[in-house]
$ cat entry.txt   # compact mmCIF, N, CA and C atoms
# COMPACT_ATOMS: atom_id res chain seq x y z
N MET A 135 0.84 -1.19 0.00
CA MET A 135 0.00 0.00 0.00
C MET A 135 0.88 1.25 0.00
N ASP A 136 0.29 2.33 -0.46
CA ASP A 136 1.00 3.60 -0.43
C ASP A 136 1.27 3.99 1.02
N THR A 137 2.38 4.69 1.24
CA THR A 137 2.73 5.05 2.60
C THR A 137 1.81 6.12 3.17
N ASN A 138 1.08 6.86 2.31
CA ASN A 138 0.20 7.91 2.82
C ASN A 138 -1.25 7.43 2.95
N PHE A 139 -1.46 6.12 2.88
CA PHE A 139 -2.81 5.60 2.89
C PHE A 139 -2.81 4.16 3.38
N ASP A 140 -3.82 3.81 4.18
CA ASP A 140 -3.96 2.43 4.61
C ASP A 140 -5.42 2.18 4.96
N ILE A 141 -5.84 0.94 4.84
CA ILE A 141 -7.17 0.52 5.27
C ILE A 141 -6.98 -0.68 6.19
N ILE A 142 -7.49 -0.55 7.40
CA ILE A 142 -7.42 -1.65 8.36
C ILE A 142 -8.83 -2.20 8.52
N GLU A 143 -8.99 -3.49 8.20
CA GLU A 143 -10.31 -4.11 8.24
C GLU A 143 -10.48 -4.96 9.50
N THR A 144 -11.65 -4.81 10.12
CA THR A 144 -12.03 -5.68 11.24
C THR A 144 -13.49 -6.05 11.02
N ARG A 145 -14.00 -6.95 11.84
CA ARG A 145 -15.39 -7.38 11.74
C ARG A 145 -16.07 -7.25 13.09
N ASN A 146 -17.37 -6.98 13.03
CA ASN A 146 -18.22 -7.01 14.21
C ASN A 146 -19.47 -7.76 13.75
N GLY A 147 -19.47 -9.07 13.92
CA GLY A 147 -20.56 -9.89 13.40
C GLY A 147 -20.58 -9.84 11.88
N ASP A 148 -21.73 -9.43 11.32
CA ASP A 148 -21.89 -9.34 9.86
C ASP A 148 -21.40 -8.01 9.29
N ILE A 149 -20.88 -7.16 10.14
CA ILE A 149 -20.48 -5.81 9.72
C ILE A 149 -18.96 -5.76 9.51
N VAL A 150 -18.55 -5.23 8.36
CA VAL A 150 -17.13 -5.00 8.11
C VAL A 150 -16.83 -3.55 8.43
N ILE A 151 -15.82 -3.34 9.27
CA ILE A 151 -15.38 -2.00 9.63
C ILE A 151 -14.06 -1.74 8.91
N MET A 152 -14.01 -0.66 8.14
CA MET A 152 -12.80 -0.28 7.41
C MET A 152 -12.32 1.05 7.95
N LYS A 153 -11.16 1.01 8.61
CA LYS A 153 -10.56 2.23 9.15
C LYS A 153 -9.62 2.78 8.09
N VAL A 154 -9.95 3.98 7.59
CA VAL A 154 -9.18 4.61 6.53
C VAL A 154 -8.21 5.60 7.16
N GLU A 155 -6.93 5.45 6.79
CA GLU A 155 -5.90 6.32 7.36
C GLU A 155 -5.18 7.05 6.23
N GLY A 156 -4.93 8.34 6.44
CA GLY A 156 -4.13 9.11 5.49
C GLY A 156 -4.98 9.86 4.49
N GLU A 157 -4.53 9.85 3.24
CA GLU A 157 -5.17 10.61 2.18
C GLU A 157 -5.95 9.68 1.26
N LEU A 158 -7.19 10.05 0.99
CA LEU A 158 -8.04 9.28 0.09
C LEU A 158 -8.23 10.13 -1.16
N ASP A 159 -7.28 9.98 -2.11
CA ASP A 159 -7.30 10.81 -3.31
C ASP A 159 -7.45 9.94 -4.56
N ALA A 160 -7.28 10.54 -5.73
CA ALA A 160 -7.50 9.84 -6.99
C ALA A 160 -6.59 8.64 -7.19
N LEU A 161 -5.41 8.66 -6.59
CA LEU A 161 -4.48 7.55 -6.75
C LEU A 161 -4.83 6.36 -5.88
N VAL A 162 -5.43 6.60 -4.73
CA VAL A 162 -5.67 5.50 -3.79
C VAL A 162 -7.14 5.17 -3.57
N ALA A 163 -8.05 6.03 -3.99
CA ALA A 163 -9.48 5.76 -3.82
C ALA A 163 -9.91 4.44 -4.46
N PRO A 164 -9.35 4.07 -5.62
CA PRO A 164 -9.74 2.77 -6.19
C PRO A 164 -9.43 1.58 -5.28
N LYS A 165 -8.44 1.71 -4.40
CA LYS A 165 -8.14 0.62 -3.46
C LYS A 165 -9.29 0.40 -2.48
N LEU A 166 -9.88 1.50 -2.02
CA LEU A 166 -11.05 1.37 -1.13
C LEU A 166 -12.21 0.76 -1.91
N LYS A 167 -12.40 1.22 -3.12
CA LYS A 167 -13.46 0.68 -3.99
C LYS A 167 -13.29 -0.84 -4.15
N ASP A 168 -12.06 -1.27 -4.42
CA ASP A 168 -11.78 -2.70 -4.62
C ASP A 168 -12.02 -3.50 -3.34
N LYS A 169 -11.64 -2.96 -2.19
CA LYS A 169 -11.86 -3.67 -0.92
C LYS A 169 -13.35 -3.83 -0.63
N ILE A 170 -14.12 -2.78 -0.86
CA ILE A 170 -15.56 -2.89 -0.64
C ILE A 170 -16.16 -3.89 -1.63
N ALA A 171 -15.74 -3.82 -2.89
CA ALA A 171 -16.26 -4.74 -3.91
C ALA A 171 -15.95 -6.19 -3.55
N LYS A 172 -14.74 -6.45 -3.06
CA LYS A 172 -14.36 -7.81 -2.69
C LYS A 172 -15.24 -8.32 -1.55
N GLU A 173 -15.48 -7.47 -0.56
CA GLU A 173 -16.35 -7.87 0.56
C GLU A 173 -17.78 -8.12 0.07
N MET A 174 -18.24 -7.29 -0.86
CA MET A 174 -19.58 -7.48 -1.41
C MET A 174 -19.68 -8.81 -2.16
N GLU A 175 -18.64 -9.16 -2.89
CA GLU A 175 -18.61 -10.44 -3.60
C GLU A 175 -18.70 -11.60 -2.62
N ASN A 176 -18.19 -11.40 -1.41
CA ASN A 176 -18.23 -12.43 -0.37
C ASN A 176 -19.54 -12.39 0.41
N GLY A 177 -20.47 -11.53 0.00
CA GLY A 177 -21.78 -11.49 0.62
C GLY A 177 -21.97 -10.44 1.71
N THR A 178 -20.93 -9.66 1.98
CA THR A 178 -21.05 -8.62 3.00
C THR A 178 -21.91 -7.49 2.45
N LYS A 179 -22.85 -7.03 3.28
CA LYS A 179 -23.68 -5.90 2.86
C LYS A 179 -23.79 -4.81 3.92
N TYR A 180 -23.10 -4.98 5.04
CA TYR A 180 -23.10 -3.98 6.10
C TYR A 180 -21.67 -3.49 6.32
N PHE A 181 -21.48 -2.18 6.16
CA PHE A 181 -20.15 -1.60 6.27
C PHE A 181 -20.17 -0.38 7.18
N ILE A 182 -19.08 -0.22 7.91
CA ILE A 182 -18.80 1.02 8.64
C ILE A 182 -17.44 1.49 8.15
N ILE A 183 -17.39 2.74 7.70
CA ILE A 183 -16.11 3.33 7.27
C ILE A 183 -15.70 4.33 8.35
N ASP A 184 -14.54 4.07 8.96
CA ASP A 184 -14.00 4.89 10.05
C ASP A 184 -13.01 5.89 9.47
N PHE A 185 -13.36 7.18 9.56
CA PHE A 185 -12.52 8.24 9.00
C PHE A 185 -11.74 9.01 10.07
N GLU A 186 -11.58 8.43 11.24
CA GLU A 186 -10.89 9.14 12.33
C GLU A 186 -9.50 9.63 11.92
N ASP A 187 -8.76 8.82 11.17
CA ASP A 187 -7.39 9.18 10.79
C ASP A 187 -7.28 9.62 9.33
N LEU A 188 -8.41 10.01 8.74
CA LEU A 188 -8.40 10.51 7.37
C LEU A 188 -8.01 11.98 7.40
N VAL A 189 -7.03 12.35 6.58
CA VAL A 189 -6.60 13.75 6.55
C VAL A 189 -7.04 14.48 5.29
N HIS A 190 -7.39 13.73 4.24
CA HIS A 190 -7.81 14.35 2.98
C HIS A 190 -8.71 13.39 2.21
N ILE A 191 -9.74 13.94 1.57
CA ILE A 191 -10.59 13.16 0.67
C ILE A 191 -10.91 14.04 -0.53
N ASN A 192 -10.88 13.45 -1.73
CA ASN A 192 -11.21 14.25 -2.90
C ASN A 192 -12.53 13.82 -3.51
N SER A 193 -12.94 14.51 -4.57
CA SER A 193 -14.26 14.26 -5.15
C SER A 193 -14.37 12.86 -5.76
N LEU A 194 -13.30 12.32 -6.32
CA LEU A 194 -13.34 10.97 -6.87
C LEU A 194 -13.67 9.96 -5.77
N ALA A 195 -13.01 10.09 -4.64
CA ALA A 195 -13.24 9.17 -3.52
C ALA A 195 -14.69 9.29 -3.02
N MET A 196 -15.20 10.51 -2.96
CA MET A 196 -16.58 10.68 -2.51
C MET A 196 -17.55 10.08 -3.52
N GLY A 197 -17.24 10.21 -4.80
CA GLY A 197 -18.06 9.59 -5.83
C GLY A 197 -18.06 8.08 -5.74
N ILE A 198 -16.89 7.51 -5.46
CA ILE A 198 -16.78 6.06 -5.29
C ILE A 198 -17.63 5.60 -4.11
N LEU A 199 -17.53 6.32 -2.99
CA LEU A 199 -18.34 5.96 -1.81
C LEU A 199 -19.83 6.02 -2.12
N ARG A 200 -20.22 7.07 -2.83
CA ARG A 200 -21.64 7.22 -3.17
C ARG A 200 -22.11 6.08 -4.08
N GLY A 201 -21.28 5.72 -5.06
CA GLY A 201 -21.61 4.61 -5.95
C GLY A 201 -21.72 3.29 -5.22
N LYS A 202 -20.79 3.03 -4.31
CA LYS A 202 -20.83 1.79 -3.52
C LYS A 202 -22.03 1.77 -2.59
N LEU A 203 -22.40 2.94 -2.05
CA LEU A 203 -23.57 3.00 -1.18
C LEU A 203 -24.81 2.55 -1.94
N LYS A 204 -24.96 3.01 -3.17
CA LYS A 204 -26.12 2.62 -3.97
C LYS A 204 -26.13 1.11 -4.19
N LEU A 205 -24.98 0.54 -4.56
CA LEU A 205 -24.91 -0.91 -4.79
C LEU A 205 -25.21 -1.71 -3.53
N VAL A 206 -24.66 -1.26 -2.40
CA VAL A 206 -24.90 -1.95 -1.13
C VAL A 206 -26.37 -1.86 -0.74
N LYS A 207 -26.96 -0.68 -0.92
CA LYS A 207 -28.39 -0.53 -0.59
C LYS A 207 -29.26 -1.40 -1.50
N ASP A 208 -28.85 -1.56 -2.75
CA ASP A 208 -29.58 -2.44 -3.67
C ASP A 208 -29.54 -3.89 -3.19
N MET A 209 -28.50 -4.26 -2.42
CA MET A 209 -28.37 -5.60 -1.83
C MET A 209 -29.14 -5.71 -0.51
N GLY A 210 -29.70 -4.60 -0.05
CA GLY A 210 -30.40 -4.60 1.24
C GLY A 210 -29.50 -4.24 2.41
N GLY A 211 -28.32 -3.68 2.12
CA GLY A 211 -27.38 -3.31 3.16
C GLY A 211 -27.23 -1.82 3.30
N ASP A 212 -26.11 -1.41 3.91
CA ASP A 212 -25.86 0.02 4.12
C ASP A 212 -24.38 0.24 4.41
N ILE A 213 -23.94 1.48 4.19
CA ILE A 213 -22.61 1.94 4.57
C ILE A 213 -22.81 3.11 5.51
N LYS A 214 -22.24 3.02 6.71
CA LYS A 214 -22.33 4.10 7.69
C LYS A 214 -20.91 4.67 7.86
N LEU A 215 -20.83 5.96 8.13
CA LEU A 215 -19.55 6.63 8.33
C LEU A 215 -19.41 7.04 9.78
N ILE A 216 -18.19 6.93 10.30
CA ILE A 216 -17.95 7.32 11.70
C ILE A 216 -16.68 8.17 11.81
N LYS A 217 -16.68 8.96 12.88
CA LYS A 217 -15.50 9.71 13.33
C LYS A 217 -14.92 10.65 12.28
N LEU A 218 -15.80 11.41 11.61
CA LEU A 218 -15.32 12.40 10.65
C LEU A 218 -14.80 13.62 11.39
N SER A 219 -13.64 14.11 10.97
CA SER A 219 -13.13 15.36 11.54
C SER A 219 -14.05 16.49 11.10
N GLU A 220 -13.95 17.63 11.75
CA GLU A 220 -14.78 18.78 11.37
C GLU A 220 -14.52 19.17 9.91
N HIS A 221 -13.26 19.10 9.48
CA HIS A 221 -12.90 19.45 8.11
C HIS A 221 -13.57 18.51 7.11
N ILE A 222 -13.44 17.21 7.33
CA ILE A 222 -14.03 16.21 6.42
C ILE A 222 -15.56 16.31 6.46
N LYS A 223 -16.11 16.50 7.65
CA LYS A 223 -17.57 16.62 7.79
C LYS A 223 -18.07 17.84 7.00
N SER A 224 -17.34 18.94 7.05
CA SER A 224 -17.77 20.15 6.32
C SER A 224 -17.76 19.92 4.81
N ILE A 225 -16.82 19.12 4.33
CA ILE A 225 -16.78 18.79 2.90
C ILE A 225 -18.02 17.97 2.53
N PHE A 226 -18.33 16.98 3.35
CA PHE A 226 -19.52 16.15 3.10
C PHE A 226 -20.79 17.00 3.12
N GLU A 227 -20.86 17.96 4.04
CA GLU A 227 -22.03 18.83 4.14
C GLU A 227 -22.14 19.75 2.93
N MET A 228 -21.01 20.28 2.46
CA MET A 228 -21.02 21.20 1.32
C MET A 228 -21.62 20.56 0.08
N ILE A 229 -21.34 19.27 -0.13
CA ILE A 229 -21.83 18.62 -1.35
C ILE A 229 -23.05 17.73 -1.10
N GLY A 230 -23.56 17.76 0.12
CA GLY A 230 -24.81 17.07 0.41
C GLY A 230 -24.69 15.59 0.73
N LEU A 231 -23.47 15.08 0.88
CA LEU A 231 -23.32 13.66 1.20
C LEU A 231 -23.74 13.33 2.63
N ASP A 232 -23.82 14.35 3.48
CA ASP A 232 -24.29 14.11 4.85
C ASP A 232 -25.78 13.75 4.86
N GLU A 233 -26.47 14.03 3.76
CA GLU A 233 -27.88 13.67 3.66
C GLU A 233 -28.07 12.28 3.07
N ILE A 234 -27.02 11.74 2.47
CA ILE A 234 -27.07 10.42 1.85
C ILE A 234 -26.53 9.35 2.79
N PHE A 235 -25.45 9.67 3.49
CA PHE A 235 -24.82 8.74 4.43
C PHE A 235 -25.26 9.04 5.85
N GLU A 236 -25.46 7.98 6.64
CA GLU A 236 -25.64 8.17 8.07
C GLU A 236 -24.25 8.32 8.68
N ILE A 237 -24.07 9.37 9.48
CA ILE A 237 -22.78 9.67 10.08
C ILE A 237 -22.91 9.60 11.60
N PHE A 238 -21.99 8.87 12.22
CA PHE A 238 -22.02 8.66 13.67
C PHE A 238 -20.70 9.07 14.30
N GLU A 239 -20.77 9.38 15.59
CA GLU A 239 -19.56 9.75 16.33
C GLU A 239 -18.73 8.53 16.73
N SER A 240 -19.39 7.37 16.92
CA SER A 240 -18.66 6.20 17.40
C SER A 240 -19.07 4.94 16.65
N GLU A 241 -18.18 3.96 16.71
CA GLU A 241 -18.47 2.65 16.11
C GLU A 241 -19.67 2.01 16.79
N GLU A 242 -19.75 2.14 18.10
CA GLU A 242 -20.85 1.54 18.86
C GLU A 242 -22.20 2.07 18.37
N GLU A 243 -22.31 3.38 18.17
CA GLU A 243 -23.57 3.97 17.68
C GLU A 243 -23.92 3.44 16.29
N ALA A 244 -22.92 3.34 15.42
CA ALA A 244 -23.16 2.86 14.07
C ALA A 244 -23.60 1.40 14.07
N VAL A 245 -22.93 0.58 14.88
CA VAL A 245 -23.30 -0.84 14.99
C VAL A 245 -24.73 -0.97 15.48
N LYS A 246 -25.09 -0.21 16.50
CA LYS A 246 -26.47 -0.27 17.04
C LYS A 246 -27.48 0.13 15.99
N SER A 247 -27.13 1.07 15.11
CA SER A 247 -28.09 1.52 14.09
C SER A 247 -28.43 0.42 13.10
N PHE A 248 -27.53 -0.56 12.92
CA PHE A 248 -27.83 -1.68 12.05
C PHE A 248 -28.87 -2.60 12.66
N ASP A 249 -29.02 -2.59 13.98
CA ASP A 249 -30.03 -3.42 14.66
C ASP A 249 -31.43 -3.04 14.25
N LYS A 250 -31.60 -1.82 13.76
CA LYS A 250 -32.92 -1.33 13.39
C LYS A 250 -33.35 -1.84 12.02
N ILE A 251 -32.42 -2.43 11.29
CA ILE A 251 -32.72 -2.89 9.93
C ILE A 251 -33.53 -4.18 10.00
$ encode --input "entry.txt" --output "structure tokens"
Amino acid sequence: MDTNFDIIETRNGDIVIMKVEGELDALVAPKLKDKIAKEMENGTKYFIIDFEDLVHINSLAMGILRGKLKLVKDMGGDIKLIKLSEHIKSIFEMIGLDEIFEIFESEEEAVKSFDKI
């Protein structure tokens, strides 16, 4: 992986948690896309993306997330976002992605929200 980017995957039951670290730009966003696609191929439909250590995200990465959200929802699943910095949250709000994605402060809150499905 690139030294300015990493994805650490863990599981909580049927939910895959992907902790994104570093910069999510045009060069590395396809790696996140591929990881989500691989999990979807394995039948995973519940995702939490942890942005606590994300320092940058560009429009390509946001487009990829939006596209994957649609595919996951078509499978009956969802992608929830957690731990966005104020800077990243403001970017999501500016382009309206905060209205498309459920955003939580903690992993625990996001996991509990899946119980309602």
$ atom_distance --input "entry.txt" --atom1 "atom CA of Phe238 of chain A" --atom2 "atom CA of Ile216 of chain A"
4.7 Å
$ closest_residue --input "entry.txt" --among "A:Gly201, A:Leu158, A:Asn192, A:Lys246" --to "Asn138 of chain A" --atoms "only N, CA and C atoms"
A:Leu158
$ atom_distance --input "entry.txt" --atom1 "atom N of Glu220 of chain A" --atom2 "atom N of Met174 of chain A"
28.3 Å
$ axis_aligned_box --input "entry.txt" --around "segment 196-209 of chain A" --padding-each-side "6 Å" --output "lines of an AutoDock Vina configuration file"
center_x = -22.4
center_y = 2.5
center_z = -3.2
size_x = 26.4
size_y = 28.4
size_z = 17.4
$ residues_near_point --input "entry.txt" --point "(1.2, 3.1, 3.3)" --cutoff "12 Å" --atoms "only C-alpha atoms" --output "list in words"
Met135, Asp136, Thr137, Asn138, Phe139, Asp140, Ile141, Ile142, Val154, Glu155, Gly156, Glu157, Leu158, Val162 and Lys165 of chain A
$ residues_near_point --input "entry.txt" --point "(-10.6, 16.4, 4.9)" --cutoff "8 Å" --atoms "all atoms listed in the file" --output "VMD selection string"
chain A and resid 188 to 192 219 to 226
$ closest_residue --input "entry.txt" --among "A:Gly197, A:Gly211, A:Gly230, A:Gly147" --to "Tyr180 of chain A" --atoms "all atoms listed in the file"
A:Gly211
$ atom_distance --input "entry.txt" --atom1 "atom CA of Phe235 of chain A" --atom2 "atom CA of Leu215 of chain A"
6.9 Å
$ closest_residue --input "entry.txt" --among "A:Ile183, A:Ile149, A:Val245, A:Ile229" --to "Leu203 of chain A" --atoms "only C-alpha atoms"
A:Ile183
$ residues_around --input "entry.txt" --residues "Ser240 of chain A" --least-positions-apart "3" --cutoff "8 Å" --atoms "only C-alpha atoms" --output "list of chain:residue names"
A:Ile216, A:Lys217, A:Glu243, A:Ala244
$ select_by_dssp --input "entry.txt" --residues "chain A" --states "strand (DSSP E)" --output "PyMOL selection string"
chain A and resi 139-146+149-158+180-191+212-216+236-238
$ residues_around --input "entry.txt" --residues "Lys202 of chain A" --least-positions-apart "5" --cutoff "8 Å" --atoms "only N, CA and C atoms" --output "tab-separated table (two decimals) with N, CA and C atoms, in the coordinates of the input"
chain	number	residue	atom	x	y	z
A	167	LYS	N	-12.40	1.22	-3.12
A	167	LYS	CA	-13.46	0.68	-3.99
A	167	LYS	C	-13.29	-0.84	-4.15
A	170	ILE	N	-14.12	-2.78	-0.86
A	170	ILE	CA	-15.56	-2.89	-0.64
A	170	ILE	C	-16.16	-3.89	-1.63
A	171	ALA	N	-15.74	-3.82	-2.89
A	171	ALA	CA	-16.26	-4.74	-3.91
A	171	ALA	C	-15.95	-6.19	-3.55
A	196	MET	N	-15.20	10.51	-2.96
A	196	MET	CA	-16.58	10.68	-2.51
A	196	MET	C	-17.55	10.08	-3.52
A	197	GLY	N	-17.24	10.21	-4.80
A	197	GLY	CA	-18.06	9.59	-5.83
A	197	GLY	C	-18.06	8.08	-5.74
A	207	LYS	N	-26.96	-0.68	-0.92
A	207	LYS	CA	-28.39	-0.53	-0.59
A	207	LYS	C	-29.26	-1.40	-1.50
A	208	ASP	N	-28.85	-1.56	-2.75
A	208	ASP	CA	-29.58	-2.44	-3.67
A	208	ASP	C	-29.54	-3.89	-3.19
A	212	ASP	N	-26.11	-1.41	3.91
A	212	ASP	CA	-25.86	0.02	4.12
A	212	ASP	C	-24.38	0.24	4.41
A	213	ILE	N	-23.94	1.48	4.19
A	213	ILE	CA	-22.61	1.94	4.57
A	213	ILE	C	-22.81	3.11	5.51
$ closest_residue --input "entry.txt" --among "A:Glu173, A:Glu143, A:Asp168, A:Asp184" --to "Glu241 of chain A" --atoms "only N, CA and C atoms"
A:Asp184
